[in-house]
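Visitor: Quick one: the structure is below, questions incoming.
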2 protein chains.
Amino acid sequence: MPVDLSALAQPADTRIVLVVMDGLGGYADASRGTELEEATTPNLDALAAEGAVGLVEPVGPGVTPGSGPGHLALFGYDPLEYELGRGALSAAGLEVELKPGDVAARGNLATLDAAGNVVDRRAGRIADDEAAEVVGALAAGVHLHGATVSFHPEAQHRVLVVLRGQGLDPRVSDTDPQSTGVPPCRVEALVPGSERTADLVNELSDQVRSLLAGRPKANALLLRGFDSHRELPSMQQRFGLTPAAVAVYPMYRGIARLVGMEVLPKAADLDGQLALLGEHWDRFDFFFLHHKPTDSAGEDGDFARKVAAIEALDAAVPALRALGPDVIVVSGDHATPTQMAAHSWHPVPALVWAERVGRDSVDRFGERWCAAGGLGLRPTRDLLPIALACAGRLRKYGA
Amino acid sequence: MPVDLSALAQPADTRIVLVVMDGLGGYADASRGTELEEATTPNLDALAAEGAVGLVEPVGPGVTPGSGPGHLALFGYDPLEYELGRGALSAAGLEVELKPGDVAARGNLATLDAAGNVVDRRAGRIADDEAAEVVGALAAGVHLHGATVSFHPEAQHRVLVVLRGQGLDPRVSDTDPQSTGVPPCRVEALVPGSERTADLVNELSDQVRSLLAGRPKANALLLRGFDSHRELPSMQQRFGLTPAAVAVYPMYRGIARLVGMEVLPKAADLDGQLALLGEHWDRFDFFFLHHKPTDSAGEDGDFARKVAAIEALDAAVPALRALGPDVIVVSGDHATPTQMAAHSWHPVPALVWAERVGRDSVDRFGERWCAAGGLGLRPTRDLLPIALACAGRLRKYGA
């Protein structure tokens with residue numbers, strides 16, 4: 001049973017900055033240290049020396065987190081208690097508002113062969129403009145009985161599909177078979193009562209096949225992660241914070257919005273993000289600063305570029321400190337080791353800097369040094385209560 | 001889901017001593033180490049070298065514990081599962097037995113101005129004898145319909161109030177507004193069915209105001225933390241122990257009684273406490289030794305005095321070891337860093353010494369060394385099962 005922090009929250013004239021280097025974590029092997037260990041990070045090292053470090057696990061031991069659970073954990077939400085489906089995340093990222101009762105799914109434009117088997121689950125990573133044209137054809141041509149359907153292009157082959165109508169239920173199976181050489185799956189009801197939704201989605205898939213028949217690349221739409229609108233309690237409600245997000249990429253802006261953050265305008269780069277922080281410094285007491293290039297480089301398996309992305313963040317730390325925050329937290333939403341070119345389960349380094357956090361004996365920021373840090377090894381969701389405590393925002397529990 | 005230790009408990013001819021240095025934890029800053037790190041503690045360091053150390057969190061990350069939850073955790077009780085209200089704690093501390101159905105609250109003698117607004121929530125920290133006289137006047141003058149009320153002076157302005165009668169319900173709001181310049185609050189029922197209790201408390205407050213009218217300092221009684229008698233399972237039931245408490249201060253004697261400890265007579269000082277331990281050594285298999293001066297010095301922000309209080313406990317360790325305990329646990333119920341002069345959320349150092357605990361690589365007792373210890377970072381309530389195991393008192397789980 002976790003502590004109900006909303007009952008302990010108290011106001012204070014303090015500011016917390018949560019710096020998220022997306023996919024920060026890595027692992028050392030025989031040939032070299034982690035990206036963070038090998039990076040030259042004098043400013044992060046200074047924060048580590050003046051503060052406390054540790055390692056955090058976003059979801060659980062051995063579990064590789066998606067971006068949704070990884071960020072929810074950083075925002076102090078247990079990602080096992082607060083689930084975000086792919087559909088809800090995509091909608092949030094596209095700034096498509098899901099209403100209660102809506103059902104959303106993540107779609108992939110895909111290529112089927114003449115026998116109806118999947119040849120390419122991503123339609124050759126179709127170009128954005130080509131995909132937009134296909135999605136336009138679907139929007140004009142698909143019509144369901146008793147529900148409206150809307151199609152929202154994301155990037156390349158990815159499309160958000162939203163069903164709106166009475167009595168819809170997201171508990172239906174996927175059409176995406178997650179492999180090639182087999183046909184798309186027929187949707188089935190996973191609970192009694194979702195049969196009608198399953199029928200509607202099968203009808204939708206059939207209409208899409210007819211409309212796209214003859215196209216060489218994108219001639220089908222694979223759907224997965226059916227999800228409905230879910231209301232998350234806000235960070236205001238849970239922690240008494242007035243939070244703002246400074247993020248460039250849509251998905252992270254979307255997740256921030258789901259927990260009640262005000263999402264500040266898009267900046268072009270890290271300098272722009274820092275400038276935004278300064279402009280809005282007086283209006284908020286919690287800032288989520290999202291840094292994407294660490295993850296992008298990790299996903300590409302580009303060690304040097306991930307190191308450079310970490311060093312770019314390091315170079316922004318003096319400007320951040322100049323704003324006068326009371327608490328700085330630096331961590332990541334998951335590991336993206338360049339050896340794997342993918343998200344992974346490895347614990348993520350974390351750092352809490354504050355007047356009263358208590359110095360540990362570690363003076364460098366990096367996975368193997370963090371293992372000896374005063375914060376220990378803990379769930380990622382512990383970071384927010386520690387930050388609140390350091391900011392004087394939690395009263396005593398019990399007499 | 002925690003292990004049910006009562007199902008694993010087995011008898012053994014072994015003795016465990018739990019040494020609690022109240023408010024032991026501290027934090028290092030730019031200028032110095034923690035109180036424990038800076039103290040000269042050859043005997044505690046020897047226990048650390050021969051045993052295992054770690055850091056413990058009494059309630060949860062970032063949460064500052066009161067004395068009640070901090071001690072319950074040390075006694076192996078999840079403080080979120082077993083809550084103790086202020087009224088129950090005060091009653092325990094005063095050795096006032098609450099019966100099932102009783103409702104208790106913590107009262108403050110306070111000063112109101114002519115307009116009825118609170119000027120001083122503590123009546124100028126009124127002297128004990130003056131407070132006793134006021135409480136005597138209340139005991140003689142307050143009469144309620146359908147309930148008896150008793151007043152028990154604690155120290156200074158603090159008074160325990162106990163209502164006894166049929167159908168009382170503690171789920172009512174406080175009269176203490178927790179600030180000055182405003183009148184005391186009227187009590188309201190927080191659930192259907194507690195209206196009569198709310199009315200009784202409002203009637204009580206009115207009578208107190210009439211009786212104390214004209215007194216310059218103590219002319220009102222602010223009430224908070226209404227609570228009822230709650231039965232905790234005893235340490236005998238939960239762990240098969242026959243426990244005794246050697247504590248000087250009433251509140252800790254009271255908490256010990258609530259978990260089924262026999263509370264040994266009051267000793268004047270640490271030497272007296274050690275002597276009591278020796279006298280009663282054969283009758284018990286678990287001893288809770290409470291050392292208050294560390295917390296008192298911490299609350300006063302007195303670094304040197306907290307260091308001295310730790311060194312005083314260190315000096316008592318040889319006498320403790322001479323008794324031949326099988327397991328010694330040394331920790332604290334929470335941190336009280338002298339920089340804050342208050343309880344805090346910081347993890348508390350912990351040490352388990354026993355023949356079979358397994359030595360780690362740490363040979364000094366202090367926060368930053370404990371961060372590298374074999375016990376790791378864990379909830380405080382884990383210490384008791386580890387102590388039981390080291391004492392041969394837990395059988396194997398499963399086949």
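Each chain of the structure tokens is named A, B, ... in the order shown, its residues numbered from 1; ligands are numbered from 1 in display order.
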Fit chain A to chain B, using all C-alpha atoms paired in sequence order for the least-squares superposition, and then show me the result as a compact mmCIF listing (two decimals) with C-alpha atoms, in the first residue's frame.
Guide:
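This is the output file selection.txt:
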# COMPACT_ATOMS: atom_id res chain seq x y z
CA MET A 1 1.27 -9.08 -0.25
CA PRO A 2 3.70 -9.44 2.66
CA VAL A 3 4.81 -12.76 4.11
CA ASP A 4 2.78 -13.91 7.11
CA LEU A 5 5.64 -14.27 9.56
CA SER A 6 3.39 -15.65 12.29
CA ALA A 7 3.11 -18.82 10.20
CA LEU A 8 6.91 -19.11 10.00
CA ALA A 9 7.79 -18.22 13.59
CA GLN A 10 9.61 -20.93 15.51
CA PRO A 11 11.01 -20.88 19.02
CA ALA A 12 14.73 -20.55 19.68
CA ASP A 13 16.81 -19.87 22.75
CA THR A 14 18.11 -16.58 21.38
CA ARG A 15 17.88 -12.91 22.33
CA ILE A 16 17.45 -9.88 20.11
CA VAL A 17 18.19 -6.32 21.26
CA LEU A 18 16.75 -3.47 19.21
CA VAL A 19 18.59 -0.24 20.03
CA VAL A 20 16.65 2.80 18.87
CA MET A 21 18.49 6.10 18.82
CA ASP A 22 15.53 8.40 18.43
CA GLY A 23 15.89 10.75 15.46
CA LEU A 24 19.27 9.18 14.61
CA GLY A 25 19.37 10.09 10.92
CA GLY A 26 20.85 13.27 9.57
CA TYR A 27 22.25 14.62 6.34
CA ALA A 28 25.62 15.82 5.17
CA ASP A 29 25.94 19.26 3.61
CA ALA A 30 28.75 21.37 2.18
CA SER A 31 30.18 22.12 5.59
CA ARG A 32 30.16 18.74 7.36
CA GLY A 33 29.06 15.16 7.58
CA THR A 34 26.03 13.89 9.48
CA GLU A 35 25.96 13.81 13.26
CA LEU A 36 26.59 10.04 13.19
CA GLU A 37 29.41 10.37 10.68
CA GLU A 38 31.11 13.08 12.72
CA ALA A 39 30.69 11.26 16.03
CA THR A 40 33.50 9.08 17.34
CA THR A 41 31.87 5.65 17.64
CA PRO A 42 34.44 2.88 17.93
CA ASN A 43 31.96 0.41 19.41
CA LEU A 44 29.22 0.97 16.83
CA ASP A 45 31.87 0.82 14.12
CA ALA A 46 32.96 -2.57 15.45
CA LEU A 47 29.36 -3.81 15.26
CA ALA A 48 29.19 -2.48 11.69
CA ALA A 49 32.44 -4.19 10.76
CA GLU A 50 31.30 -7.53 12.18
CA GLY A 51 27.76 -7.16 10.83
CA ALA A 52 25.86 -5.60 7.96
CA VAL A 53 24.60 -2.05 7.47
CA GLY A 54 22.10 -0.26 5.28
CA LEU A 55 19.64 2.60 5.11
CA VAL A 56 15.98 2.32 6.05
CA GLU A 57 12.87 4.36 5.32
CA PRO A 58 10.24 4.18 8.08
CA VAL A 59 7.11 5.07 6.08
CA GLY A 60 8.05 5.74 2.48
CA PRO A 61 10.25 7.86 0.22
CA GLY A 62 10.02 11.53 1.10
CA VAL A 63 7.70 10.89 4.03
CA THR A 64 8.61 12.41 7.39
CA PRO A 65 7.47 10.00 10.11
CA GLY A 66 5.99 10.81 13.48
CA SER A 67 7.26 8.80 16.42
CA GLY A 68 4.35 6.38 16.24
CA PRO A 69 4.82 5.14 12.67
CA GLY A 70 8.61 5.25 13.05
CA HIS A 71 8.52 2.91 16.01
CA LEU A 72 5.83 0.63 14.60
CA ALA A 73 8.05 0.11 11.55
CA LEU A 74 11.01 -0.78 13.80
CA PHE A 75 8.78 -3.29 15.58
CA GLY A 76 7.98 -4.93 12.22
CA TYR A 77 4.56 -3.36 11.66
CA ASP A 78 3.74 -1.69 8.36
CA PRO A 79 2.93 1.85 9.58
CA LEU A 80 0.50 2.33 6.69
CA GLU A 81 -1.46 -0.74 7.71
CA TYR A 82 -1.37 -0.07 11.45
CA GLU A 83 -2.25 3.54 12.07
CA LEU A 84 -1.99 5.16 15.46
CA GLY A 85 -3.83 8.41 15.92
CA ARG A 86 -2.44 11.18 18.05
CA GLY A 87 -5.11 10.50 20.67
CA ALA A 88 -4.20 6.83 21.00
CA LEU A 89 -0.51 7.69 21.18
CA SER A 90 -1.05 10.33 23.84
CA ALA A 91 -3.17 7.92 25.86
CA ALA A 92 -0.53 5.24 25.57
CA GLY A 93 2.14 7.67 26.68
CA LEU A 94 0.11 8.79 29.69
CA GLU A 95 -0.73 5.21 30.60
CA VAL A 96 -4.40 6.11 30.18
CA GLU A 97 -6.19 2.96 29.10
CA LEU A 98 -8.56 3.51 26.19
CA LYS A 99 -11.51 1.11 26.21
CA PRO A 100 -13.33 -0.04 23.09
CA GLY A 101 -15.77 2.77 22.17
CA ASP A 102 -13.72 5.57 23.74
CA VAL A 103 -12.75 8.53 21.60
CA ALA A 104 -9.53 10.38 22.42
CA ALA A 105 -8.02 13.59 21.07
CA ARG A 106 -4.87 15.57 21.58
CA GLY A 107 -5.71 19.00 23.02
CA ASN A 108 -3.69 22.22 23.13
CA LEU A 109 -4.40 24.90 25.68
CA ALA A 110 -4.41 28.06 23.54
CA THR A 111 -4.83 31.83 23.73
CA LEU A 112 -7.68 33.56 21.88
CA ASP A 113 -7.98 37.34 21.52
CA ALA A 114 -11.10 39.37 22.30
CA ALA A 115 -12.43 38.69 18.78
CA GLY A 116 -12.13 34.94 19.36
CA ASN A 117 -9.18 34.43 17.01
CA VAL A 118 -6.23 32.23 17.94
CA VAL A 119 -3.25 34.30 19.08
CA ASP A 120 -1.06 31.51 20.44
CA ARG A 121 -1.75 27.83 19.71
CA ARG A 122 0.31 26.82 22.74
CA ALA A 123 -0.82 29.36 25.35
CA GLY A 124 2.73 30.68 25.65
CA ARG A 125 4.00 27.15 26.35
CA ILE A 126 2.30 27.44 29.71
CA ALA A 127 4.12 25.91 32.69
CA ASP A 128 3.13 22.41 33.81
CA ASP A 129 1.74 23.46 37.20
CA GLU A 130 -0.28 26.30 35.70
CA ALA A 131 -1.64 23.93 33.04
CA ALA A 132 -2.55 21.38 35.72
CA GLU A 133 -4.60 24.02 37.50
CA VAL A 134 -6.45 24.88 34.27
CA VAL A 135 -7.08 21.21 33.51
CA GLY A 136 -8.42 20.77 37.03
CA ALA A 137 -10.92 23.55 36.38
CA LEU A 138 -12.02 21.84 33.18
CA ALA A 139 -12.39 18.45 34.85
CA ALA A 140 -14.61 20.00 37.52
CA GLY A 141 -16.64 22.19 35.22
CA VAL A 142 -17.33 20.41 31.93
CA HIS A 143 -20.40 18.17 31.81
CA LEU A 144 -21.81 16.57 28.68
CA HIS A 145 -25.12 14.83 28.09
CA GLY A 146 -24.70 11.13 27.40
CA ALA A 147 -20.92 10.98 27.63
CA THR A 148 -18.29 11.45 30.27
CA VAL A 149 -15.18 13.41 29.51
CA SER A 150 -11.79 13.24 31.20
CA PHE A 151 -8.82 15.57 30.85
CA HIS A 152 -5.24 14.37 31.34
CA PRO A 153 -2.41 16.91 31.38
CA GLU A 154 0.67 15.95 29.40
CA ALA A 155 3.50 18.49 29.36
CA GLN A 156 3.08 22.28 29.07
CA HIS A 157 0.04 23.15 26.90
CA ARG A 158 -0.75 19.57 25.88
CA VAL A 159 -3.84 17.81 27.25
CA LEU A 160 -5.32 14.45 26.40
CA VAL A 161 -9.12 14.47 26.19
CA VAL A 162 -11.06 11.22 26.41
CA LEU A 163 -14.78 10.88 25.72
CA ARG A 164 -16.53 7.77 26.98
CA GLY A 165 -20.13 6.82 26.14
CA GLN A 166 -22.41 4.90 23.83
CA GLY A 167 -22.23 5.34 20.05
CA LEU A 168 -19.24 7.67 19.83
CA ASP A 169 -17.37 7.87 16.53
CA PRO A 170 -13.88 9.39 16.15
CA ARG A 171 -14.41 10.33 12.50
CA VAL A 172 -14.93 14.04 13.15
CA SER A 173 -12.89 17.07 12.08
CA ASP A 174 -10.44 18.99 14.30
CA THR A 175 -11.14 22.21 16.16
CA ASP A 176 -7.47 23.22 15.89
CA PRO A 177 -7.16 25.54 12.86
CA GLN A 178 -3.35 24.95 12.84
CA SER A 179 -2.77 28.68 12.38
CA THR A 180 -3.24 31.98 14.19
CA GLY A 181 -5.43 34.94 13.37
CA VAL A 182 -8.46 32.75 12.78
CA PRO A 183 -11.04 31.33 15.18
CA PRO A 184 -11.08 27.66 16.25
CA CYS A 185 -13.00 25.45 13.81
CA ARG A 186 -16.42 24.03 14.48
CA VAL A 187 -16.26 20.25 14.48
CA GLU A 188 -17.99 18.45 11.62
CA ALA A 189 -18.96 14.85 11.11
CA LEU A 190 -16.69 13.24 8.52
CA VAL A 191 -19.02 10.26 8.00
CA PRO A 192 -22.73 9.70 8.45
CA GLY A 193 -23.26 8.62 12.03
CA SER A 194 -20.62 10.74 13.71
CA GLU A 195 -22.86 13.81 13.97
CA ARG A 196 -23.59 13.23 17.64
CA THR A 197 -19.89 13.05 18.49
CA ALA A 198 -19.32 16.28 16.55
CA ASP A 199 -22.11 17.96 18.52
CA LEU A 200 -20.66 16.72 21.81
CA VAL A 201 -17.21 18.10 20.96
CA ASN A 202 -18.65 21.47 19.93
CA GLU A 203 -20.58 21.57 23.22
CA LEU A 204 -17.35 20.68 25.04
CA SER A 205 -15.44 23.49 23.29
CA ASP A 206 -18.13 25.99 24.20
CA GLN A 207 -18.13 24.97 27.86
CA VAL A 208 -14.32 25.23 27.94
CA ARG A 209 -14.50 28.76 26.50
CA SER A 210 -17.01 29.78 29.19
CA LEU A 211 -15.03 28.19 32.00
CA LEU A 212 -11.71 29.76 30.92
CA ALA A 213 -13.08 33.15 29.88
CA GLY A 214 -10.99 36.00 31.29
CA ARG A 215 -7.82 33.96 31.72
CA PRO A 216 -5.00 35.81 29.96
CA LYS A 217 -3.07 32.80 28.58
CA ALA A 218 -5.09 29.58 28.50
CA ASN A 219 -8.61 30.52 27.51
CA ALA A 220 -9.42 27.82 24.95
CA LEU A 221 -8.70 24.19 24.10
CA LEU A 222 -7.89 23.23 20.50
CA LEU A 223 -8.51 19.57 19.67
CA ARG A 224 -7.09 17.42 16.91
CA GLY A 225 -6.46 13.82 15.97
CA PHE A 226 -9.68 12.23 17.19
CA ASP A 227 -9.05 8.57 17.54
CA SER A 228 -10.51 5.46 19.08
CA HIS A 229 -9.08 2.49 20.87
CA ARG A 230 -7.49 0.22 18.31
CA GLU A 231 -6.22 -3.20 19.14
CA LEU A 232 -2.87 -4.01 17.54
CA PRO A 233 -1.84 -7.63 17.20
CA SER A 234 0.97 -8.20 19.66
CA MET A 235 4.57 -9.08 18.86
CA GLN A 236 3.87 -12.38 20.58
CA GLN A 237 1.10 -13.13 18.10
CA ARG A 238 2.91 -11.81 15.06
CA PHE A 239 6.44 -13.07 15.71
CA GLY A 240 6.32 -15.45 18.66
CA LEU A 241 8.44 -13.09 20.75
CA THR A 242 8.32 -12.28 24.46
CA PRO A 243 9.31 -8.62 24.27
CA ALA A 244 10.31 -6.04 26.86
CA ALA A 245 10.82 -2.29 26.60
CA VAL A 246 13.48 -0.27 28.37
CA ALA A 247 12.41 3.30 27.68
CA VAL A 248 12.44 6.42 29.79
CA TYR A 249 9.93 8.67 28.01
CA PRO A 250 6.19 8.01 28.38
CA MET A 251 5.26 8.01 24.70
CA TYR A 252 7.73 5.27 23.80
CA ARG A 253 6.71 3.23 26.82
CA GLY A 254 3.15 3.64 25.57
CA ILE A 255 3.86 2.54 22.02
CA ALA A 256 5.75 -0.47 23.33
CA ARG A 257 2.77 -1.41 25.46
CA LEU A 258 0.46 -1.17 22.42
CA VAL A 259 2.40 -3.95 20.65
CA GLY A 260 2.36 -6.18 23.71
CA MET A 261 5.74 -5.43 25.27
CA GLU A 262 6.20 -5.61 29.00
CA VAL A 263 7.45 -2.17 29.94
CA LEU A 264 10.24 -2.38 32.50
CA PRO A 265 10.51 0.23 35.29
CA LYS A 266 11.78 3.68 34.42
CA ALA A 267 15.53 4.14 34.59
CA ALA A 268 17.19 7.48 35.22
CA ASP A 269 19.70 7.21 32.39
CA LEU A 270 21.39 4.92 29.88
CA ASP A 271 23.43 3.17 32.58
CA GLY A 272 20.21 2.46 34.42
CA GLN A 273 18.62 1.17 31.23
CA LEU A 274 21.51 -1.22 30.68
CA ALA A 275 21.26 -2.41 34.27
CA LEU A 276 17.55 -3.13 33.75
CA LEU A 277 18.34 -5.11 30.63
CA GLY A 278 20.72 -7.25 32.63
CA GLU A 279 18.28 -7.75 35.52
CA HIS A 280 15.52 -8.98 33.21
CA TRP A 281 17.72 -10.73 30.65
CA ASP A 282 16.41 -14.21 31.36
CA ARG A 283 12.71 -13.37 31.21
CA PHE A 284 12.53 -12.05 27.64
CA ASP A 285 13.85 -12.81 24.17
CA PHE A 286 13.41 -9.35 22.65
CA PHE A 287 14.45 -6.03 24.17
CA PHE A 288 13.61 -2.57 22.86
CA LEU A 289 16.15 -0.08 24.21
CA HIS A 290 15.09 3.50 23.55
CA HIS A 291 17.61 6.36 23.59
CA LYS A 292 15.93 9.78 23.45
CA PRO A 293 18.74 12.39 23.69
CA THR A 294 19.69 12.10 20.00
CA ASP A 295 16.25 13.36 19.00
CA SER A 296 16.02 16.04 21.68
CA ALA A 297 19.33 17.50 20.51
CA GLY A 298 18.23 17.22 16.89
CA GLU A 299 14.97 19.05 17.62
CA ASP A 300 16.99 21.80 19.29
CA GLY A 301 19.28 22.06 16.26
CA ASP A 302 22.23 21.34 18.52
CA PHE A 303 24.83 19.52 16.43
CA ALA A 304 27.42 19.08 19.19
CA ARG A 305 24.83 17.76 21.62
CA LYS A 306 23.46 15.25 19.10
CA VAL A 307 27.00 14.04 18.42
CA ALA A 308 27.51 13.68 22.17
CA ALA A 309 24.24 11.77 22.53
CA ILE A 310 25.38 9.32 19.85
CA GLU A 311 28.75 8.94 21.55
CA ALA A 312 27.01 8.27 24.87
CA LEU A 313 25.11 5.39 23.25
CA ASP A 314 28.31 4.15 21.68
CA ALA A 315 29.93 4.01 25.11
CA ALA A 316 27.12 1.72 26.31
CA VAL A 317 27.68 -0.89 23.58
CA PRO A 318 30.35 -2.91 25.46
CA ALA A 319 27.97 -3.38 28.41
CA LEU A 320 25.27 -4.46 25.97
CA ARG A 321 27.56 -6.96 24.26
CA ALA A 322 28.63 -8.31 27.64
CA LEU A 323 25.07 -9.57 28.17
CA GLY A 324 25.57 -11.98 25.28
CA PRO A 325 22.80 -11.03 22.83
CA ASP A 326 22.50 -13.13 19.68
CA VAL A 327 21.33 -10.25 17.52
CA ILE A 328 21.78 -6.49 17.93
CA VAL A 329 19.90 -4.07 15.69
CA VAL A 330 20.79 -0.37 15.87
CA SER A 331 18.75 2.20 14.02
CA GLY A 332 16.39 5.14 14.52
CA ASP A 333 12.68 5.80 14.18
CA HIS A 334 13.29 8.70 11.78
CA ALA A 335 15.88 11.35 10.98
CA THR A 336 16.10 14.59 12.96
CA PRO A 337 18.81 16.58 11.15
CA THR A 338 20.11 19.42 13.28
CA GLN A 339 20.06 21.67 10.20
CA MET A 340 16.26 21.36 10.25
CA ALA A 341 15.67 21.08 14.01
CA ALA A 342 12.75 18.79 13.15
CA HIS A 343 11.86 15.27 12.02
CA SER A 344 12.65 14.63 8.36
CA TRP A 345 12.20 12.10 5.57
CA HIS A 346 15.88 11.23 5.17
CA PRO A 347 16.73 7.52 5.26
CA VAL A 348 18.01 6.32 8.62
CA PRO A 349 21.21 4.32 9.08
CA ALA A 350 20.70 0.75 10.29
CA LEU A 351 23.00 -1.97 11.52
CA VAL A 352 22.38 -5.68 12.15
CA TRP A 353 24.99 -7.56 14.12
CA ALA A 354 24.73 -11.34 14.47
CA GLU A 355 26.84 -14.44 14.05
CA ARG A 356 25.08 -15.30 10.79
CA VAL A 357 24.05 -11.94 9.37
CA GLY A 358 26.88 -12.01 6.82
CA ARG A 359 29.58 -9.36 6.84
CA ASP A 360 29.45 -6.68 4.22
CA SER A 361 32.41 -4.53 3.20
CA VAL A 362 31.51 -1.60 5.44
CA ASP A 363 33.34 -1.11 8.74
CA ARG A 364 31.97 2.25 9.93
CA PHE A 365 28.49 3.27 11.00
CA GLY A 366 27.26 6.38 9.20
CA GLU A 367 24.81 7.40 6.50
CA ARG A 368 27.18 7.48 3.54
CA TRP A 369 28.92 4.25 4.47
CA CYS A 370 25.56 2.57 5.07
CA ALA A 371 24.56 3.44 1.50
CA ALA A 372 27.12 0.85 0.37
CA GLY A 373 26.10 -1.77 2.91
CA GLY A 374 24.84 -5.29 2.46
CA LEU A 375 21.38 -4.53 3.83
CA GLY A 376 20.77 -2.07 0.99
CA LEU A 377 18.08 0.59 1.15
CA ARG A 378 14.82 -0.81 2.45
CA PRO A 379 11.70 -0.14 4.44
CA THR A 380 12.38 0.00 8.17
CA ARG A 381 9.88 -2.81 8.75
CA ASP A 382 12.27 -5.25 7.02
CA LEU A 383 14.71 -5.05 9.92
CA LEU A 384 12.65 -7.18 12.29
CA PRO A 385 12.28 -10.20 9.95
CA ILE A 386 16.02 -10.06 9.27
CA ALA A 387 16.70 -9.99 13.01
CA LEU A 388 14.31 -12.93 13.54
CA ALA A 389 16.08 -14.89 10.79
CA CYS A 390 19.50 -14.20 12.30
CA ALA A 391 18.10 -15.39 15.65
CA GLY A 392 16.97 -18.70 14.12
CA ARG A 393 13.33 -17.81 14.70
CA LEU A 394 11.87 -18.24 11.20
CA ARG A 395 11.37 -21.56 9.48
CA LYS A 396 11.60 -22.14 5.74
CA TYR A 397 8.87 -20.85 3.46
CA GLY A 398 7.48 -23.41 1.03
CA ALA A 399 8.83 -26.76 -0.07
Visitor: Using DSSP on the backbone, list every residue of range 223-326 of chain B that comes out as strand (DSSP E or B), and give them as a count of residues only.
Guide: 18
Visitor: Please run DSSP on the backbone and report, as a VMD selection string, all residues within range 242-395 of chain B that come out as helix (DSSP H, G or I).
Guide: chain B and resid 250 to 258 270 to 279 293 to 299 303 to 322 367 to 370 380 to 390
